[in-house]
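Data from my_file-v1.cif: mmCIF, C-alpha atoms
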```cif
data_input
#
loop_
_atom_site.group_PDB
_atom_site.id
_atom_site.type_symbol
_atom_site.label_atom_id
_atom_site.label_comp_id
_atom_site.auth_asym_id
_atom_site.auth_seq_id
_atom_site.Cartn_x
_atom_site.Cartn_y
_atom_site.Cartn_z
ATOM 1 C CA MET U 131 -26.677 1.512 -4.132
ATOM 2 C CA VAL U 132 -24.238 1.175 -7.023
ATOM 3 C CA PRO U 133 -22.961 -2.412 -7.524
ATOM 4 C CA LEU U 134 -19.244 -2.985 -7.072
ATOM 5 C CA ASN U 135 -19.007 -4.496 -10.559
ATOM 6 C CA TRP U 136 -19.831 -1.186 -12.216
ATOM 7 C CA TYR U 137 -16.734 0.419 -10.746
ATOM 8 C CA ILE U 138 -14.542 -2.496 -11.830
ATOM 9 C CA VAL U 139 -15.958 -2.384 -15.375
ATOM 10 C CA LEU U 140 -15.320 1.380 -15.563
ATOM 11 C CA SER U 141 -11.778 0.757 -14.326
ATOM 12 C CA ALA U 142 -11.212 -1.947 -16.975
ATOM 13 C CA ILE U 143 -12.497 0.307 -19.781
ATOM 14 C CA VAL U 144 -10.312 3.254 -18.773
ATOM 15 C CA PHE U 145 -7.320 0.919 -18.428
ATOM 16 C CA SER U 146 -7.909 -0.388 -21.978
ATOM 17 C CA ILE U 147 -8.079 3.170 -23.315
ATOM 18 C CA GLY U 148 -4.772 3.850 -21.569
ATOM 19 C CA VAL U 149 -3.199 0.755 -23.157
ATOM 20 C CA PHE U 150 -4.474 1.880 -26.573
ATOM 21 C CA GLY U 151 -2.968 5.346 -26.115
ATOM 22 C CA PHE U 152 0.330 3.891 -24.901
ATOM 23 C CA LEU U 153 0.643 1.633 -27.958
ATOM 24 C CA SER U 154 -0.595 3.973 -30.679
ATOM 25 C CA ARG U 155 0.590 7.534 -30.020
ATOM 26 C CA ARG U 156 3.847 8.951 -31.388
ATOM 27 C CA ASN U 157 4.173 11.811 -28.925
ATOM 28 C CA LEU U 158 6.190 10.782 -25.856
ATOM 29 C CA ILE U 159 4.318 13.234 -23.587
ATOM 30 C CA ILE U 160 0.955 11.668 -24.481
ATOM 31 C CA ILE U 161 2.474 8.235 -23.802
ATOM 32 C CA PHE U 162 3.348 9.411 -20.284
ATOM 33 C CA MET U 163 -0.221 10.661 -19.905
ATOM 34 C CA SER U 164 -1.534 7.246 -20.962
ATOM 35 C CA ILE U 165 0.481 5.726 -18.108
ATOM 36 C CA GLU U 166 -1.146 8.211 -15.707
ATOM 37 C CA LEU U 167 -4.517 7.155 -17.160
ATOM 38 C CA MET U 168 -3.809 3.491 -16.396
ATOM 39 C CA LEU U 169 -2.662 4.311 -12.845
ATOM 40 C CA ASN U 170 -5.886 6.283 -12.312
ATOM 41 C CA SER U 171 -8.067 3.427 -13.543
ATOM 42 C CA VAL U 172 -6.419 1.104 -11.017
ATOM 43 C CA ASN U 173 -6.990 3.726 -8.320
ATOM 44 C CA ILE U 174 -10.729 3.764 -9.097
ATOM 45 C CA SER U 175 -11.039 0.014 -8.544
ATOM 46 C CA LEU U 176 -8.901 0.158 -5.372
ATOM 47 C CA VAL U 177 -11.064 2.873 -3.812
ATOM 48 C CA ALA U 178 -14.226 0.969 -4.779
ATOM 49 C CA PHE U 179 -12.928 -2.228 -3.150
ATOM 50 C CA SER U 180 -11.879 -0.244 -0.092
ATOM 51 C CA HIS U 181 -15.391 1.164 0.258
ATOM 52 C CA TYR U 182 -17.266 -2.097 -0.306
ATOM 53 C CA LEU U 183 -15.002 -4.225 1.910
ATOM 54 C CA GLN U 184 -15.018 -1.520 4.623
ATOM 55 C CA SER U 185 -11.244 -1.599 4.800
ATOM 56 C CA MET U 186 -8.631 1.161 4.655
ATOM 57 C CA ARG U 187 -5.995 -0.835 2.781
ATOM 58 C CA GLY U 188 -7.280 0.141 -0.660
ATOM 59 C CA GLN U 189 -7.140 3.827 0.143
ATOM 60 C CA MET U 190 -3.618 3.449 1.568
ATOM 61 C CA LEU U 191 -2.541 1.736 -1.638
ATOM 62 C CA VAL U 192 -4.004 4.596 -3.704
ATOM 63 C CA PHE U 193 -2.052 7.060 -1.546
ATOM 64 C CA PHE U 194 1.212 5.280 -2.397
ATOM 65 C CA VAL U 195 0.255 4.899 -6.068
ATOM 66 C CA ILE U 196 -0.192 8.678 -6.281
ATOM 67 C CA THR U 197 3.250 9.127 -4.668
ATOM 68 C CA VAL U 198 4.854 6.801 -7.206
ATOM 69 C CA ALA U 199 2.979 8.531 -10.059
ATOM 70 C CA ALA U 200 4.341 11.916 -8.995
ATOM 71 C CA ALA U 201 7.907 10.560 -8.832
ATOM 72 C CA GLU U 202 7.476 8.785 -12.179
ATOM 73 C CA ALA U 203 6.178 11.914 -13.913
ATOM 74 C CA ALA U 204 9.053 14.043 -12.570
ATOM 75 C CA ILE U 205 11.751 11.540 -13.595
ATOM 76 C CA GLY U 206 10.150 10.748 -16.961
ATOM 77 C CA LEU U 207 9.819 14.370 -17.969
ATOM 78 C CA ALA U 208 13.400 15.065 -16.810
ATOM 79 C CA ILE U 209 14.606 12.230 -19.068
ATOM 80 C CA LEU U 210 12.522 13.721 -21.890
ATOM 81 C CA ILE U 211 14.143 17.151 -21.453
ATOM 82 C CA ALA U 212 17.624 15.610 -21.227
ATOM 83 C CA PHE U 213 16.950 13.696 -24.442
ATOM 84 C CA TYR U 214 15.508 16.739 -26.215
ATOM 85 C CA ARG U 215 18.922 18.453 -25.886
ATOM 86 C CA ASN U 216 20.582 15.638 -27.837
ATOM 87 C CA LYS U 217 17.910 15.338 -30.497
ATOM 88 C CA PRO U 218 15.049 17.848 -30.646
ATOM 89 C CA THR U 219 12.100 15.506 -31.128
ATOM 90 C CA VAL U 220 9.446 13.869 -28.940
ATOM 91 C CA LYS U 221 8.331 11.305 -31.542
ATOM 92 C CA VAL U 222 8.998 7.778 -30.312
ATOM 93 C CA ASP U 223 9.635 6.443 -33.818
ATOM 94 C CA GLU U 224 12.408 9.021 -34.321
ATOM 95 C CA ILE U 225 14.082 8.227 -30.990
ATOM 96 C CA ASN U 226 16.549 5.637 -32.284
ATOM 97 C CA LEU U 227 19.959 6.955 -31.274
ATOM 98 C CA LEU U 228 20.980 3.606 -29.761
ATOM 99 C CA LYS U 229 19.945 1.621 -32.829
ATOM 100 C CA GLY U 230 22.889 -0.201 -34.404
ATOM 101 C CA MET N 285 -32.280 3.908 -11.385
ATOM 102 C CA SER N 286 -31.712 5.466 -8.038
ATOM 103 C CA MET N 287 -29.939 8.782 -7.507
ATOM 104 C CA PRO N 288 -26.422 7.353 -6.768
ATOM 105 C CA GLN N 289 -26.689 5.182 -9.882
ATOM 106 C CA VAL N 290 -27.573 8.181 -12.057
ATOM 107 C CA PHE N 291 -24.627 10.065 -10.547
ATOM 108 C CA PHE N 292 -22.309 7.114 -11.222
ATOM 109 C CA ALA N 293 -23.597 6.741 -14.798
ATOM 110 C CA TYR N 294 -22.891 10.409 -15.511
ATOM 111 C CA LEU N 295 -19.381 10.202 -14.012
ATOM 112 C CA ALA N 296 -18.554 6.919 -15.763
ATOM 113 C CA GLY N 297 -19.712 8.189 -19.149
ATOM 114 C CA MET N 298 -17.797 11.443 -18.767
ATOM 115 C CA ILE N 299 -14.616 9.661 -17.588
ATOM 116 C CA THR N 300 -14.722 7.276 -20.563
ATOM 117 C CA VAL N 301 -15.335 10.026 -23.126
ATOM 118 C CA LEU N 302 -12.713 12.307 -21.575
ATOM 119 C CA SER N 303 -10.049 9.598 -21.466
ATOM 120 C CA LEU N 304 -10.739 8.868 -25.151
ATOM 121 C CA LEU N 305 -10.285 12.584 -25.843
ATOM 122 C CA VAL N 306 -6.995 12.556 -23.899
ATOM 123 C CA VAL N 307 -5.440 9.829 -26.040
ATOM 124 C CA THR N 308 -6.728 11.104 -29.394
ATOM 125 C CA ARG N 309 -6.144 14.896 -29.390
ATOM 126 C CA LYS N 310 -3.376 16.116 -31.671
ATOM 127 C CA ASN N 311 -2.316 19.090 -29.550
ATOM 128 C CA PRO N 312 -0.755 17.885 -26.254
ATOM 129 C CA VAL N 313 -2.008 21.005 -24.438
ATOM 130 C CA HIS N 314 -5.593 20.023 -25.286
ATOM 131 C CA SER N 315 -4.870 16.516 -23.977
ATOM 132 C CA VAL N 316 -3.622 17.923 -20.672
ATOM 133 C CA LEU N 317 -6.691 20.153 -20.298
ATOM 134 C CA TRP N 318 -9.103 17.262 -21.014
ATOM 135 C CA MET N 319 -7.152 15.194 -18.492
ATOM 136 C CA LEU N 320 -7.669 17.958 -15.918
ATOM 137 C CA VAL N 321 -11.467 17.706 -16.403
ATOM 138 C CA MET N 322 -11.188 13.907 -16.156
ATOM 139 C CA PHE N 323 -9.302 14.139 -12.847
ATOM 140 C CA LEU N 324 -12.032 16.379 -11.435
ATOM 141 C CA HIS N 325 -14.618 13.735 -12.362
ATOM 142 C CA ILE N 326 -12.506 10.997 -10.766
ATOM 143 C CA ALA N 327 -12.297 13.132 -7.611
ATOM 144 C CA ALA N 328 -16.111 13.343 -7.622
ATOM 145 C CA LEU N 329 -16.211 9.544 -7.939
ATOM 146 C CA TYR N 330 -13.963 9.260 -4.866
ATOM 147 C CA LEU N 331 -16.312 11.576 -2.982
ATOM 148 C CA SER N 332 -19.224 9.257 -3.764
ATOM 149 C CA LEU N 333 -17.130 6.381 -2.343
ATOM 150 C CA ASN N 334 -16.548 8.201 0.973
ATOM 151 C CA ALA N 335 -12.865 8.865 0.265
ATOM 152 C CA GLU N 336 -12.745 12.611 0.891
ATOM 153 C CA PHE N 337 -9.015 12.692 1.621
ATOM 154 C CA LEU N 338 -8.170 10.947 -1.651
ATOM 155 C CA ALA N 339 -10.475 13.295 -3.565
ATOM 156 C CA ALA N 340 -8.535 16.258 -2.165
ATOM 157 C CA ILE N 341 -5.200 14.546 -2.891
ATOM 158 C CA GLN N 342 -6.367 13.755 -6.424
ATOM 159 C CA ILE N 343 -7.058 17.426 -7.121
ATOM 160 C CA ILE N 344 -3.993 18.811 -5.287
ATOM 161 C CA VAL N 345 -1.339 16.327 -6.436
ATOM 162 C CA TYR N 346 -2.626 15.100 -9.798
ATOM 163 C CA ALA N 347 -4.397 18.186 -11.136
ATOM 164 C CA GLY N 348 -2.281 20.711 -9.264
ATOM 165 C CA ALA N 349 1.230 19.279 -9.465
ATOM 166 C CA ILE N 350 1.577 16.541 -12.093
ATOM 167 C CA LEU N 351 -0.523 18.190 -14.815
ATOM 168 C CA VAL N 352 1.205 21.547 -14.276
ATOM 169 C CA LEU N 353 4.519 19.711 -14.685
ATOM 170 C CA PHE N 354 3.255 18.271 -17.991
ATOM 171 C CA LEU N 355 2.117 21.718 -19.131
ATOM 172 C CA PHE N 356 5.503 23.222 -18.218
ATOM 173 C CA VAL N 357 7.376 20.604 -20.240
ATOM 174 C CA ILE N 358 5.066 20.994 -23.255
ATOM 175 C CA MET N 359 5.581 24.738 -23.224
ATOM 176 C CA LEU N 360 9.356 24.428 -22.674
ATOM 177 C CA LEU N 361 9.750 22.212 -25.734
ATOM 178 C CA ASN N 362 8.783 23.960 -28.933
ATOM 179 C CA LEU N 363 6.344 21.520 -30.533
ATOM 180 C CA ARG N 364 4.722 23.816 -33.125
ATOM 181 C CA LYS N 365 6.145 21.831 -36.053
ATOM 182 C CA GLU N 366 5.095 18.451 -34.687
ATOM 183 C CA GLU N 367 1.449 19.451 -34.416
ATOM 184 C CA THR N 368 1.127 19.339 -38.183
ATOM 185 C CA GLU N 369 2.414 15.770 -38.457
ATOM 186 C CA LYS N 370 0.375 12.621 -38.000
ATOM 187 C CA ARG N 371 -0.414 11.727 -34.439
ATOM 188 C CA PHE N 372 -0.592 7.911 -34.525
ATOM 189 C CA GLN N 373 2.114 5.405 -35.312
ATOM 190 C CA ASN N 374 1.807 3.271 -38.427
ATOM 191 C CA GLN N 375 0.634 0.211 -36.486
ATOM 192 C CA TRP N 376 -2.296 2.025 -34.852
ATOM 193 C CA PRO N 377 -5.021 -0.397 -36.111
ATOM 194 C CA PHE N 378 -3.190 -3.139 -34.210
ATOM 195 C CA SER N 379 -3.288 -0.959 -31.087
ATOM 196 C CA VAL N 380 -7.038 -0.436 -31.510
ATOM 197 C CA GLY N 381 -7.408 -4.234 -31.732
ATOM 198 C CA VAL N 382 -5.351 -4.768 -28.576
ATOM 199 C CA GLY N 383 -7.367 -2.154 -26.679
ATOM 200 C CA VAL N 384 -10.750 -3.507 -27.814
ATOM 201 C CA VAL N 385 -9.828 -7.145 -27.094
ATOM 202 C CA LEU N 386 -8.448 -6.207 -23.678
ATOM 203 C CA ALA N 387 -11.609 -4.222 -22.874
ATOM 204 C CA ILE N 388 -13.942 -7.042 -23.982
ATOM 205 C CA PHE N 389 -11.990 -9.711 -22.098
ATOM 206 C CA SER N 390 -11.602 -7.769 -18.870
ATOM 207 C CA VAL N 391 -15.180 -6.460 -18.856
ATOM 208 C CA SER N 392 -16.617 -9.928 -19.545
ATOM 209 C CA ILE N 393 -14.475 -11.397 -16.759
ATOM 210 C CA VAL N 394 -14.681 -8.765 -14.023
ATOM 211 C CA GLY N 395 -18.285 -7.844 -14.822
ATOM 212 C CA LYS N 396 -19.437 -11.195 -13.449
ATOM 213 C CA ILE N 397 -17.335 -11.565 -10.317
ATOM 214 C CA THR N 398 -18.787 -11.510 -6.847
ATOM 215 C CA VAL N 399 -16.399 -10.530 -4.078
ATOM 216 C CA ILE N 400 -16.750 -12.523 -0.884
ATOM 217 C CA ALA N 401 -14.381 -11.346 1.798
ATOM 218 C CA PRO N 402 -14.505 -10.613 5.533
ATOM 219 C CA LEU N 403 -15.626 -7.036 6.045
ATOM 220 C CA GLY N 404 -13.263 -4.718 7.863
ATOM 221 C CA GLN N 405 -13.977 -2.444 10.816
ATOM 222 C CA TYR N 406 -14.073 0.817 8.832
ATOM 223 C CA THR N 407 -17.771 1.136 8.091
ATOM 224 C CA VAL N 408 -19.162 4.375 6.690
ATOM 225 C CA GLU N 409 -20.456 5.364 10.137
ATOM 226 C CA ALA N 410 -17.150 4.567 11.866
ATOM 227 C CA VAL N 411 -15.184 6.674 9.368
ATOM 228 C CA ARG N 412 -17.733 9.486 9.463
ATOM 229 C CA SER N 413 -17.712 9.726 13.264
ATOM 230 C CA GLU N 414 -13.953 10.214 13.320
ATOM 231 C CA GLY N 415 -13.373 11.961 10.007
ATOM 232 C CA SER N 416 -11.756 10.546 6.884
ATOM 233 C CA VAL N 417 -8.433 12.329 7.370
ATOM 234 C CA MET N 418 -7.990 11.223 10.981
ATOM 235 C CA THR N 419 -8.835 7.598 10.134
ATOM 236 C CA ILE N 420 -6.342 7.560 7.267
ATOM 237 C CA GLY N 421 -3.715 9.273 9.424
ATOM 238 C CA LYS N 422 -4.057 6.687 12.173
ATOM 239 C CA VAL N 423 -3.723 3.781 9.735
ATOM 240 C CA LEU N 424 -0.867 5.478 7.881
ATOM 241 C CA TYR N 425 1.251 6.073 10.983
ATOM 242 C CA THR N 426 0.686 2.652 12.572
ATOM 243 C CA ASP N 427 0.154 -0.201 10.101
ATOM 244 C CA PHE N 428 1.729 1.512 7.091
ATOM 245 C CA LEU N 429 4.627 3.318 8.777
ATOM 246 C CA LEU N 430 7.391 1.496 6.877
ATOM 247 C CA PRO N 431 5.806 2.003 3.405
ATOM 248 C CA PHE N 432 5.290 5.661 4.353
ATOM 249 C CA GLU N 433 9.014 6.088 5.107
ATOM 250 C CA ILE N 434 9.938 4.249 1.908
ATOM 251 C CA ALA N 435 7.638 6.599 -0.030
ATOM 252 C CA SER N 436 9.466 9.600 1.435
ATOM 253 C CA LEU N 437 12.782 8.067 0.353
ATOM 254 C CA LEU N 438 11.332 7.483 -3.126
ATOM 255 C CA LEU N 439 10.334 11.139 -3.385
ATOM 256 C CA LEU N 440 13.840 12.184 -2.322
ATOM 257 C CA VAL N 441 15.322 9.977 -5.054
ATOM 258 C CA ALA N 442 12.886 11.542 -7.542
ATOM 259 C CA ILE N 443 13.913 15.078 -6.551
ATOM 260 C CA VAL N 444 17.642 14.324 -6.851
ATOM 261 C CA GLY N 445 17.133 12.363 -10.067
ATOM 262 C CA ALA N 446 15.076 15.090 -11.740
ATOM 263 C CA VAL N 447 17.669 17.761 -10.876
ATOM 264 C CA VAL N 448 20.589 15.622 -12.057
ATOM 265 C CA LEU N 449 18.888 14.568 -15.295
ATOM 266 C CA ALA N 450 17.591 17.982 -16.323
ATOM 267 C CA LYS N 451 20.810 19.830 -15.505
ATOM 268 C CA ARG N 452 22.781 20.910 -18.542
ATOM 269 C CA ARG N 453 26.219 19.748 -17.419
ATOM 270 C CA LEU N 454 27.525 18.269 -14.172
ATOM 271 C CA GLU N 455 30.653 19.835 -12.729
#
```
The structure in this file should be written as structure tokens.
Amino acid sequence: MVPLNWYIVLSAIVFSIGVFGFLSRRNLIIIFMSIELMLNSVNISLVAFSHYLQSMRGQMLVFFVITVAAAEAAIGLAILIAFYRNKPTVKVDEINLLKG
Amino acid sequence: MSMPQVFFAYLAGMITVLSLLVVTRKNPVHSVLWMLVMFLHIAALYLSLNAEFLAAIQIIVYAGAILVLFLFVIMLLNLRKEETEKRFQNQWPFSVGVGVVLAIFSVSIVGKITVIAPLGQYTVEAVRSEGSVMTIGKVLYTDFLLPFEIASLLLLVAIVGAVVLAKRRLE
């Protein structure tokens, strides 16, 4: 039997890697992927809690998180394409059109 | 170590290494492909936690829909020139510090917790006798009916929003 803590520790490590990618990368697409990484790490801990507490609520929450992730990816990438028409770059440090 | 623990150790190690690869590769296409392998490992982790429906959803929605969307966008935008430039921002050592401190703090805190809570009625045997999909369906259409409807509305907003944003000009 795998202890519940192992799953939570794995989730925390993957979440930290996602935070690192979000803060350090210049490519906007990879930043979106870091957000997906963080959502997935939370999903791991939710499914683990759901299994160990013998409840369905965790799995339901993961279901809705996946829905929100799909919507977020679609909208985010649409914004990216709309921006790319104005200024052909995906580097976050060059996206400064609103800077005074 | 027993067999489930060996299986978990393999999956955990692979997920950690693969997520590091995702955030450090220079070519975004490589990142997406490593992320695909990582999602397959997460689906295997869900299978070991008796969440068959979520494992299928993970592969269909995440690997099948979201990652293909990422690949489409990467191939639509011509990023050949950007691959030769540096991949991290100038403050990346600070980001490494934030990530390491966050990992140490959260692991040292959550690694010691013990969860004491009343156990629910969905034991492994109860779910297995009825099937994972049927159990989830029953809960989804009774207790979680309102969130389910709100999720459908959210998806509708996402569809309309994506079309409006990506369209060249609105008439």
- Message: I want to know what sits within 7 Å of Tyr137 of chain U, based on all atoms listed in the file, with residues of the same chain fewer than 4 positions away left out; could you give that as a PyMOL selection string?
- Response: chain U and resi 141+175+178
Which residues of chain U come within 6 Å of chain N, and what is each one's closest atom pair and distance in Å (one decimal), counting only C-alpha atoms, sorted by chain and residue number, as a tab-separated table?
```
residue	atom	partner	partner_atom	distance
U:Val132	CA	N:Gln289	CA	5.5
U:Asn135	CA	N:Gly395	CA	5.5
U:Val139	CA	N:Val391	CA	5.4
U:Ile143	CA	N:Ala387	CA	5.6
U:Ser146	CA	N:Gly383	CA	5.1
U:Phe150	CA	N:Gly383	CA	5.0
U:Gly151	CA	N:Val307	CA	5.1
U:Leu153	CA	N:Ser379	CA	5.7
U:Ser154	CA	N:Trp376	CA	4.9
U:Arg155	CA	N:Phe372	CA	4.7
U:Arg156	CA	N:Phe372	CA	5.5
U:Leu183	CA	N:Leu403	CA	5.0
U:Gln184	CA	N:Gly404	CA	4.9
U:Ser185	CA	N:Gly404	CA	4.8
U:Ala201	CA	N:Ala442	CA	5.2
U:Ile205	CA	N:Ala446	CA	5.2
U:Ala208	CA	N:Ala450	CA	5.1
U:Ala212	CA	N:Ala450	CA	5.4
```
- Would you mind telling me which residue in U:Asn226, U:Phe194, U:Ile160, U:Lys217 lies nearest to Leu429 of chain N when using only C-alpha atoms? U:Phe194
If I wrap all listed atoms of segment 134-139 of chain U in a box with edges along x, y and z and add 6 Å on each side, what are its centre and edge lengths in Å to one decimal, as lines of an AutoDock Vina configuration file?
```
center_x = -17.2
center_y = -2.0
center_z = -11.2
size_x = 17.3
size_y = 16.9
size_z = 20.3
```
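Comparing U:Val198, U:Ile174, U:Met163, U:Phe179 by their smallest distance to Leu437 of chain N, the closest is U:Val198 (using only C-alpha atoms).
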- Message: Which residues are near Gln189 of chain U? Cut-off 7 Å, only C-alpha atoms, ignore same chain within fewer than 6 positions. Put them as a ChimeraX atom specification.
- Response: /U:176-177,180
- Message: I'd like to know which of N:Met298, N:Leu317, N:Leu324, N:Val352 is closest to Ala340 of chain N, using only C-alpha atoms.
- Response: N:Leu324
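Atom to atom, atom CA of Leu134 of chain U and atom CA of Ser171 of chain U stand 14.4 Å apart.
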- Item | Distance of atom CA of Gly148 of chain U from atom CA of Glu202 of chain U, expressed in Å to one decimal place | 16.2 Å
Segment 314-334 of chain N from the block above, N, CA and C atoms, as a PDB file, in the first residue's frame, please?
```
ATOM      1  N   HIS N 314       9.231  20.021 -28.785  1.00  0.00           N
ATOM      2  CA  HIS N 314       9.777  18.996 -27.896  1.00  0.00           C
ATOM      3  C   HIS N 314       9.076  19.042 -26.544  1.00  0.00           C
ATOM      4  N   SER N 315       8.827  20.261 -26.032  1.00  0.00           N
ATOM      5  CA  SER N 315       8.122  20.388 -24.755  1.00  0.00           C
ATOM      6  C   SER N 315       6.765  19.714 -24.813  1.00  0.00           C
ATOM      7  N   VAL N 316       6.027  19.961 -25.911  1.00  0.00           N
ATOM      8  CA  VAL N 316       4.685  19.372 -26.023  1.00  0.00           C
ATOM      9  C   VAL N 316       4.783  17.852 -26.062  1.00  0.00           C
ATOM     10  N   LEU N 317       5.783  17.314 -26.771  1.00  0.00           N
ATOM     11  CA  LEU N 317       5.881  15.854 -26.876  1.00  0.00           C
ATOM     12  C   LEU N 317       6.270  15.234 -25.534  1.00  0.00           C
ATOM     13  N   TRP N 318       7.188  15.889 -24.775  1.00  0.00           N
ATOM     14  CA  TRP N 318       7.501  15.375 -23.436  1.00  0.00           C
ATOM     15  C   TRP N 318       6.277  15.446 -22.547  1.00  0.00           C
ATOM     16  N   MET N 319       5.466  16.517 -22.716  1.00  0.00           N
ATOM     17  CA  MET N 319       4.269  16.647 -21.892  1.00  0.00           C
ATOM     18  C   MET N 319       3.275  15.534 -22.215  1.00  0.00           C
ATOM     19  N   LEU N 320       3.235  15.118 -23.483  1.00  0.00           N
ATOM     20  CA  LEU N 320       2.360  13.998 -23.858  1.00  0.00           C
ATOM     21  C   LEU N 320       2.755  12.740 -23.093  1.00  0.00           C
ATOM     22  N   VAL N 321       4.069  12.441 -23.037  1.00  0.00           N
ATOM     23  CA  VAL N 321       4.539  11.256 -22.290  1.00  0.00           C
ATOM     24  C   VAL N 321       4.188  11.402 -20.816  1.00  0.00           C
ATOM     25  N   MET N 322       4.325  12.660 -20.286  1.00  0.00           N
ATOM     26  CA  MET N 322       4.017  12.876 -18.873  1.00  0.00           C
ATOM     27  C   MET N 322       2.540  12.629 -18.589  1.00  0.00           C
ATOM     28  N   PHE N 323       1.661  13.058 -19.508  1.00  0.00           N
ATOM     29  CA  PHE N 323       0.225  12.837 -19.299  1.00  0.00           C
ATOM     30  C   PHE N 323      -0.104  11.352 -19.308  1.00  0.00           C
ATOM     31  N   LEU N 324       0.592  10.575 -20.139  1.00  0.00           N
ATOM     32  CA  LEU N 324       0.346   9.128 -20.134  1.00  0.00           C
ATOM     33  C   LEU N 324       0.737   8.531 -18.782  1.00  0.00           C
ATOM     34  N   HIS N 325       1.851   9.018 -18.199  1.00  0.00           N
ATOM     35  CA  HIS N 325       2.245   8.505 -16.887  1.00  0.00           C
ATOM     36  C   HIS N 325       1.244   8.923 -15.809  1.00  0.00           C
ATOM     37  N   ILE N 326       0.725  10.158 -15.913  1.00  0.00           N
ATOM     38  CA  ILE N 326      -0.273  10.582 -14.925  1.00  0.00           C
ATOM     39  C   ILE N 326      -1.535   9.735 -15.054  1.00  0.00           C
ATOM     40  N   ALA N 327      -1.900   9.380 -16.299  1.00  0.00           N
ATOM     41  CA  ALA N 327      -3.062   8.508 -16.497  1.00  0.00           C
ATOM     42  C   ALA N 327      -2.823   7.152 -15.847  1.00  0.00           C
ATOM     43  N   ALA N 328      -1.590   6.636 -15.940  1.00  0.00           N
ATOM     44  CA  ALA N 328      -1.273   5.361 -15.279  1.00  0.00           C
ATOM     45  C   ALA N 328      -1.385   5.500 -13.762  1.00  0.00           C
ATOM     46  N   LEU N 329      -0.983   6.667 -13.243  1.00  0.00           N
ATOM     47  CA  LEU N 329      -1.121   6.925 -11.804  1.00  0.00           C
ATOM     48  C   LEU N 329      -2.592   6.914 -11.388  1.00  0.00           C
ATOM     49  N   TYR N 330      -3.456   7.505 -12.215  1.00  0.00           N
ATOM     50  CA  TYR N 330      -4.896   7.486 -11.926  1.00  0.00           C
ATOM     51  C   TYR N 330      -5.426   6.056 -11.934  1.00  0.00           C
ATOM     52  N   LEU N 331      -4.912   5.241 -12.863  1.00  0.00           N
ATOM     53  CA  LEU N 331      -5.366   3.845 -12.902  1.00  0.00           C
ATOM     54  C   LEU N 331      -5.007   3.131 -11.605  1.00  0.00           C
ATOM     55  N   SER N 332      -3.811   3.417 -11.063  1.00  0.00           N
ATOM     56  CA  SER N 332      -3.428   2.766  -9.811  1.00  0.00           C
ATOM     57  C   SER N 332      -4.244   3.283  -8.641  1.00  0.00           C
ATOM     58  N   LEU N 333      -4.936   4.421  -8.794  1.00  0.00           N
ATOM     59  CA  LEU N 333      -5.790   4.960  -7.741  1.00  0.00           C
ATOM     60  C   LEU N 333      -7.263   4.632  -7.984  1.00  0.00           C
ATOM     61  N   ASN N 334      -7.534   3.662  -8.850  1.00  0.00           N
ATOM     62  CA  ASN N 334      -8.910   3.240  -9.139  1.00  0.00           C
ATOM     63  C   ASN N 334      -9.769   4.355  -9.713  1.00  0.00           C
TER      64      ASN N 334
END
```
